[in-house]
Each structure stands twice: as structure tokens, then as C-alpha cells.
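K.L.:
Sharing a structure with you now.
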Amino acid sequence: MLPGTDGRLHEFTPRGAAAAPAPADAAPPRSRTAYAAAHVVADPLSGNSIGAPARLDWDATLAFRHRLWDLGLGVADAMDTAQRGMGLDWPATAELIRRSAAEAASRGALLACGAGTDHLEPGAGTTLEEVAAAYTEQLETVEGAGATPVLMASRHLAACARGPGDYAKVYGRLLEQVRAPVILHWLGTAFDPALAGYWGHDDPAEAIDTVAAIIADHAPRIDGIKVSLLDAELEVRLRRRLPEGVRLYTGDDFNYPELIEGDADGHSDALLGIFAAIAPAAAAALRALDAGDTAGYRAALEPTVPLARHIFAAPTFYYKTGIAFLSWLNGHQPGFCMVGGLQSARDLVHLSQALRLADAAGVLTDPGLALARMRGLLEISGVR
């Protein structure tokens, strides 16, 4: 019996089908480059309360990354899915980057890691010079570890930039110094309201010219740009402006099936938080696409969209709670706890619907375990 939005309990009968197992140590997809943005697993024996330094369960955190690599997916680490700016402090982030990079190197796996400015003190008064220096410090950590850097959107830059020229100045300086091509990062306000006005424009549609110009000026140093605007039309507009060889990595957790499939003018690659929650289905879909089986691709991926839209529902920035919840249901971590106490960010009604939709999407790897764990959560929440 699961709670519903009407304040009543409703019987839930799972379909009982476990997610189809993937081939052991599957090869990465050939037709698309695909990263799953991975979450972190909190250590249940440490504090991890609001405002406390993050303490991770390193065994579970790294094992989850190996699972994604086993499915053939790349891992995007130390990004917003890993609670950057929402509980994961820079010392823990730097350690995560070093540990994940060592694990990736041990198996030749695909890894990209976020470099940002979140170790700076919050508040007004930060200068462009300080922003660039902060980016450089984190870039050195990522590049030193051997991972591909993702230049994450910066709250500090959004606060101090006075127009498109300031963004061009900071990004130009950073791109001149990188050792190898990097991934840029455009995160919309649904994911982080503090990024309003990024690239010097309040309207993202007006920012496309600025973004396209920065990329055109530094194309050899840019592998691609991750776009998380939840606006498929704007993503396609930018994608069509990119120079040859620069990828558009969709971060649109609402419209990813059609954006990855693409059209006659091109397609998006993927860097998605939802891929961590639906990894078996995502891997199966990409294998089908490699084989030219568009129907199989759609059959694997489209049933996951209702789950993704629910997990990323407003307030979207709490989607990390749903990612960790499904990881727990699927047995990839011992408890449903998160750094910063973020497991409390979604209510029991929301989590119950996530279970229903995960079952419908076929992404529960062990439905019996998922139900047993959900019963425990319901009981301690007072639902009997």
C-alpha cells in the first residue's frame, strides 16, 4: 500500500520484471558518446548533517561507478548530481576526483569531472580574476588526476559578470591554458536559480549567440558542451551552430530520447543524471542504436521518460534525492541517506510514485529487494 497525492493509501502491484541484465563488461556505444552523471553515497556512520563536511561511503560510491562502466557508459563525476553546491564540499570533491580517476585509469574507462569555483566564499565582492583563479585551481586537480574537465557553470561568475564580454574573457583565459579539450557546461535556472543571467543574458535564447561565439573562438580546445535547459528547441538551435567536431551533450532529462536519436541535421550525445537511475535501459537503448535498431532504441528508452520527468519535477534541483533513492532500492548502497541530509528533500508521496514509475520503466534490478526496502521506509515513516 503506497500513499498517493490524495492523502490515501493505494494498492500497488508491481509487474515483477527485473531490468534485463547487460552483457558483462559491455563495450562503450559506438554511435554516441554517453556519460551517466553519478551521485555519491553518504557514509551512514558519519555526520553528514546540514552544513557538515561531507563524509562518503567510498566503497559504495566507487562500486556504483564501476557498475556504470560495466554497462558501457562513461561516468561524469563531481558534478551537480554528486551534490556540488548542495552538500559536497571541495575537499570531499577533490578526493572524489582523485579516487574516481584512479579507478577509471585501472580499466581504461571514460571519465569526466567537474571543475568549478565552489570553494570560494559565497557572497558579493568576488572579482573576475578570483573566479578565473578558482577555476584554474580546480582544473589543475581534474587534469592532474587524468580526467576530462567539465568547466561547470559558476555561481560566482554569474554574480560578478557584467555582460557577455566578461564570460568571454574568463572562458577564453581558461580555454587557453587547458591541456586537452574540455567540456563546457550550461545549467539552467531550474537546476540552480543562482545561475540566472548566465552568459550575460536573462533569456537563454538570447545567450545562444554568445555561447556559440565562445565555442567558435576556441573550438580546438572544446570537446563539447553539456546543455541542461529542459528546452529541446533551444538545444537543437545551439547544436546546429557548433563547429565540426564539437559535441552537444544533452543534459535535458525531459527530452533525451529524441535529442539523442536526432534528425537529418544531427544528434546530441549524452551527459545525463537520469542515466544513473536508468542505466540498464540507457545502455540497452544505445546498443540498439549502434545496431541501427531505432525501434529497439525507442522501446528501451521511451518508457523511462515518465520516471525522469517525475524525478526532475520542480523544484528540479532536488532530483538528486530521487537518484539516490533508486540506487538504494536497487541495492547499490546500504541506506537511503545523503550528504547534507538531502534525503529529506522529497516527501514519501513523491518517492512512492518514483517506485511505481521505476517499476513501469523496467529499471528495478531486483523488484523483491526494492519492495522490501520500501516497506521499511513506509514503516519508519508511520505508514502501516
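Here's how to read the names in the C-alpha cells: chain A, B, ... by the order shown, residue numbers from 1 in each chain, ligand numbers from 1 in the order shown.
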Per residue of region 219-331 of chain A within 12 Å of region 98-114 of chain A, note the shortest atom pair and the distance in Å to one decimal, counting only C-alpha atoms, and order the rows by chain and increasing residue number, as JSON lines.
P.N.:
```
{"residue": "A:Asp223", "atom": "CA", "partner": "A:Ala112", "partner_atom": "CA", "distance": 11.1}
{"residue": "A:Gly224", "atom": "CA", "partner": "A:Ala112", "partner_atom": "CA", "distance": 11.7}
{"residue": "A:Lys226", "atom": "CA", "partner": "A:Gly114", "partner_atom": "CA", "distance": 11.5}
{"residue": "A:Leu271", "atom": "CA", "partner": "A:Ala112", "partner_atom": "CA", "distance": 9.7}
```
K.L.:
Within region 73-164 of chain A, find each residue whose DSSP state, derived from the backbone, is strand (DSSP E), and express the selection as a ChimeraX atom specification.
P.N.:
/A:74-77,111-115,148-151
K.L.:
So which one's closest to Thr189 (chain A), A:Ser46, A:Ser344, A:Thr316, A:Thr148? Using only C-alpha atoms, please.
P.N.:
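Checking each of A:Ser46, A:Ser344, A:Thr316, A:Thr148 against Thr189 (chain A), counting only C-alpha atoms, the winner is A:Thr316.
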K.L.:
Which residue out of A:Leu9, A:Ala270, A:Val339, A:Leu238 has the minimum interatomic distance to Leu56 (chain A) when only C-alpha atoms are used?
P.N.:
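With only C-alpha atoms as the atom set, the closest residue is A:Val339.
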K.L.:
How far is it from CA of Arg356 (chain A) to CA of Arg373 (chain A), in Å with one decimal?
P.N.:
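Calculated distance between CA of Arg356 (chain A) and CA of Arg373 (chain A) is 13.8 Å.
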K.L.:
Find the spatial neighbours of His201 (chain A), counting only C-alpha atoms, within a cut-off of 9 Å - ignore same-chain residues fewer than 5 positions away - and output them as a PyMOL selection string.
P.N.:
chain A and resi 163-164+196+206-207+210
K.L.:
Please determine, counting only C-alpha atoms, which residue among A:Met86, A:Thr33, A:Glu121, A:His267 has the shortest atom-to-atom distance to Ala345 (chain A).
P.N.:
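Nearest to Ala345 (chain A): A:Met86.
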K.L.:
So how many Å separate CA of Phe317 (chain A) and CA of Leu187 (chain A), to one decimal?
P.N.:
10.7 Å
K.L.:
So which one's closest to Arg287 (chain A), A:Leu73, A:Val178, A:Ala36, A:Ala232? Using only C-alpha atoms, please.
P.N.:
A:Leu73
K.L.:
Please report the interatomic distance between CA of Met338 (chain A) and CA of Trp58 (chain A) in Å with one decimal.
P.N.:
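One can read the CA of Met338 (chain A) to CA of Trp58 (chain A) distance as 13.1 Å.
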K.L.:
Ranking A:Gly146, A:Gly376, A:Asp80, A:Ala264 by minimum distance to Gly335 (chain A) and counting only C-alpha atoms, which one comes first?
P.N.:
A:Gly376
K.L.:
Please return, as a PyMOL selection string, all residues of region 242-312 of chain A that DSSP assigns to helix (DSSP H, G or I) on the basis of the backbone.
P.N.:
chain A and resi 256-261+274-277+279-290+294-311
K.L.:
Can I get the selected residues back with C-alpha atoms, as a compact mmCIF listing (two decimals), in the first residue's frame?
P.N.:
```txt
# COMPACT_ATOMS: atom_id res chain seq x y z
CA TYR A 256 16.60 12.99 -24.04
CA PRO A 257 15.24 10.16 -26.25
CA GLU A 258 14.51 12.36 -29.26
CA LEU A 259 17.57 14.57 -28.75
CA ILE A 260 19.94 11.59 -28.66
CA GLU A 261 18.20 9.93 -31.60
CA ILE A 274 18.84 10.31 -15.25
CA PHE A 275 21.20 7.81 -16.90
CA ALA A 276 22.49 6.91 -13.43
CA ALA A 277 18.95 5.90 -12.41
CA ALA A 279 21.46 2.77 -16.55
CA PRO A 280 20.38 -0.70 -17.77
CA ALA A 281 17.71 0.77 -20.04
CA ALA A 282 20.04 3.51 -21.30
CA ALA A 283 22.77 1.00 -22.12
CA ALA A 284 20.30 -1.28 -23.93
CA ALA A 285 18.92 1.65 -25.93
CA LEU A 286 22.38 2.76 -27.06
CA ARG A 287 23.29 -0.80 -28.10
CA ALA A 288 20.16 -0.87 -30.22
CA LEU A 289 21.07 2.46 -31.78
CA ASP A 290 24.53 1.11 -32.61
CA THR A 294 15.68 2.64 -33.94
CA ALA A 295 12.53 0.85 -32.82
CA GLY A 296 14.50 -1.08 -30.21
CA TYR A 297 16.14 2.14 -29.06
CA ARG A 298 12.78 3.80 -28.53
CA ALA A 299 11.29 0.73 -26.87
CA ALA A 300 14.10 0.71 -24.31
CA LEU A 301 14.28 4.44 -23.58
CA GLU A 302 10.83 5.96 -24.02
CA PRO A 303 9.24 4.07 -21.07
CA THR A 304 11.78 5.77 -18.78
CA VAL A 305 10.63 9.30 -19.60
CA PRO A 306 7.72 9.46 -17.10
CA LEU A 307 10.15 8.41 -14.36
CA ALA A 308 12.69 11.04 -15.44
CA ARG A 309 10.08 13.79 -15.58
CA HIS A 310 8.95 12.84 -12.09
CA ILE A 311 12.44 12.70 -10.56
```
K.L.:
Pick the closest to His156 (chain A) from A:Ala124, A:Leu139, A:Val383, A:Leu62: which is it, counting only C-alpha atoms?
P.N.:
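Under the stated criterion, the closest residue is A:Ala124.
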K.L.:
Counting only C-alpha atoms, what is within 12 Å of Gly51 (chain A), bar same-chain residues fewer than 4 positions away, as an mmCIF file with N, CA and C atoms, in the first residue's frame?
P.N.:
```
data_model
loop_
_atom_site.group_PDB
_atom_site.id
_atom_site.type_symbol
_atom_site.label_atom_id
_atom_site.label_comp_id
_atom_site.auth_asym_id
_atom_site.auth_seq_id
_atom_site.Cartn_x
_atom_site.Cartn_y
_atom_site.Cartn_z
ATOM 1 N N GLY A 47 28.602 12.023 10.222
ATOM 2 C CA GLY A 47 27.589 13.050 10.441
ATOM 3 C C GLY A 47 26.691 13.305 9.251
ATOM 4 N N ARG A 55 30.960 13.250 4.271
ATOM 5 C CA ARG A 55 31.674 12.016 4.570
ATOM 6 C C ARG A 55 31.061 10.926 3.704
ATOM 7 N N GLY A 85 27.660 22.039 -4.572
ATOM 8 C CA GLY A 85 26.869 23.188 -4.165
ATOM 9 C C GLY A 85 25.664 22.836 -3.322
ATOM 10 N N MET A 86 25.475 21.544 -3.032
ATOM 11 C CA MET A 86 24.338 21.106 -2.221
ATOM 12 C C MET A 86 24.791 20.021 -1.241
ATOM 13 N N GLY A 87 25.941 20.251 -0.605
ATOM 14 C CA GLY A 87 26.393 19.340 0.427
ATOM 15 C C GLY A 87 27.775 18.763 0.224
ATOM 16 N N LEU A 88 28.233 18.651 -1.026
ATOM 17 C CA LEU A 88 29.556 18.090 -1.284
ATOM 18 C C LEU A 88 30.573 19.228 -1.333
ATOM 19 N N ASP A 89 31.375 19.357 -0.279
ATOM 20 C CA ASP A 89 32.352 20.433 -0.200
ATOM 21 C C ASP A 89 33.576 20.122 -1.066
ATOM 22 N N VAL A 339 24.555 13.126 1.792
ATOM 23 C CA VAL A 339 25.288 14.202 2.443
ATOM 24 C C VAL A 339 24.369 15.421 2.532
ATOM 25 N N GLY A 340 24.539 16.178 3.625
ATOM 26 C CA GLY A 340 23.687 17.335 3.847
ATOM 27 C C GLY A 340 22.269 16.984 4.237
ATOM 28 N N GLY A 341 22.003 15.707 4.537
ATOM 29 C CA GLY A 341 20.651 15.309 4.908
ATOM 30 C C GLY A 341 19.641 15.468 3.790
ATOM 31 N N LEU A 342 20.105 15.433 2.526
ATOM 32 C CA LEU A 342 19.231 15.755 1.402
ATOM 33 C C LEU A 342 18.192 14.677 1.118
#
```
K.L.:
Find the residues near Pro367 (chain A): any atom within 8 Å, counting only C-alpha atoms, skip ones fewer than 4 places away on the same chain, and give them as an MDAnalysis selection string.
P.N.:
chainID A and resid 14 16:18 330 359 371
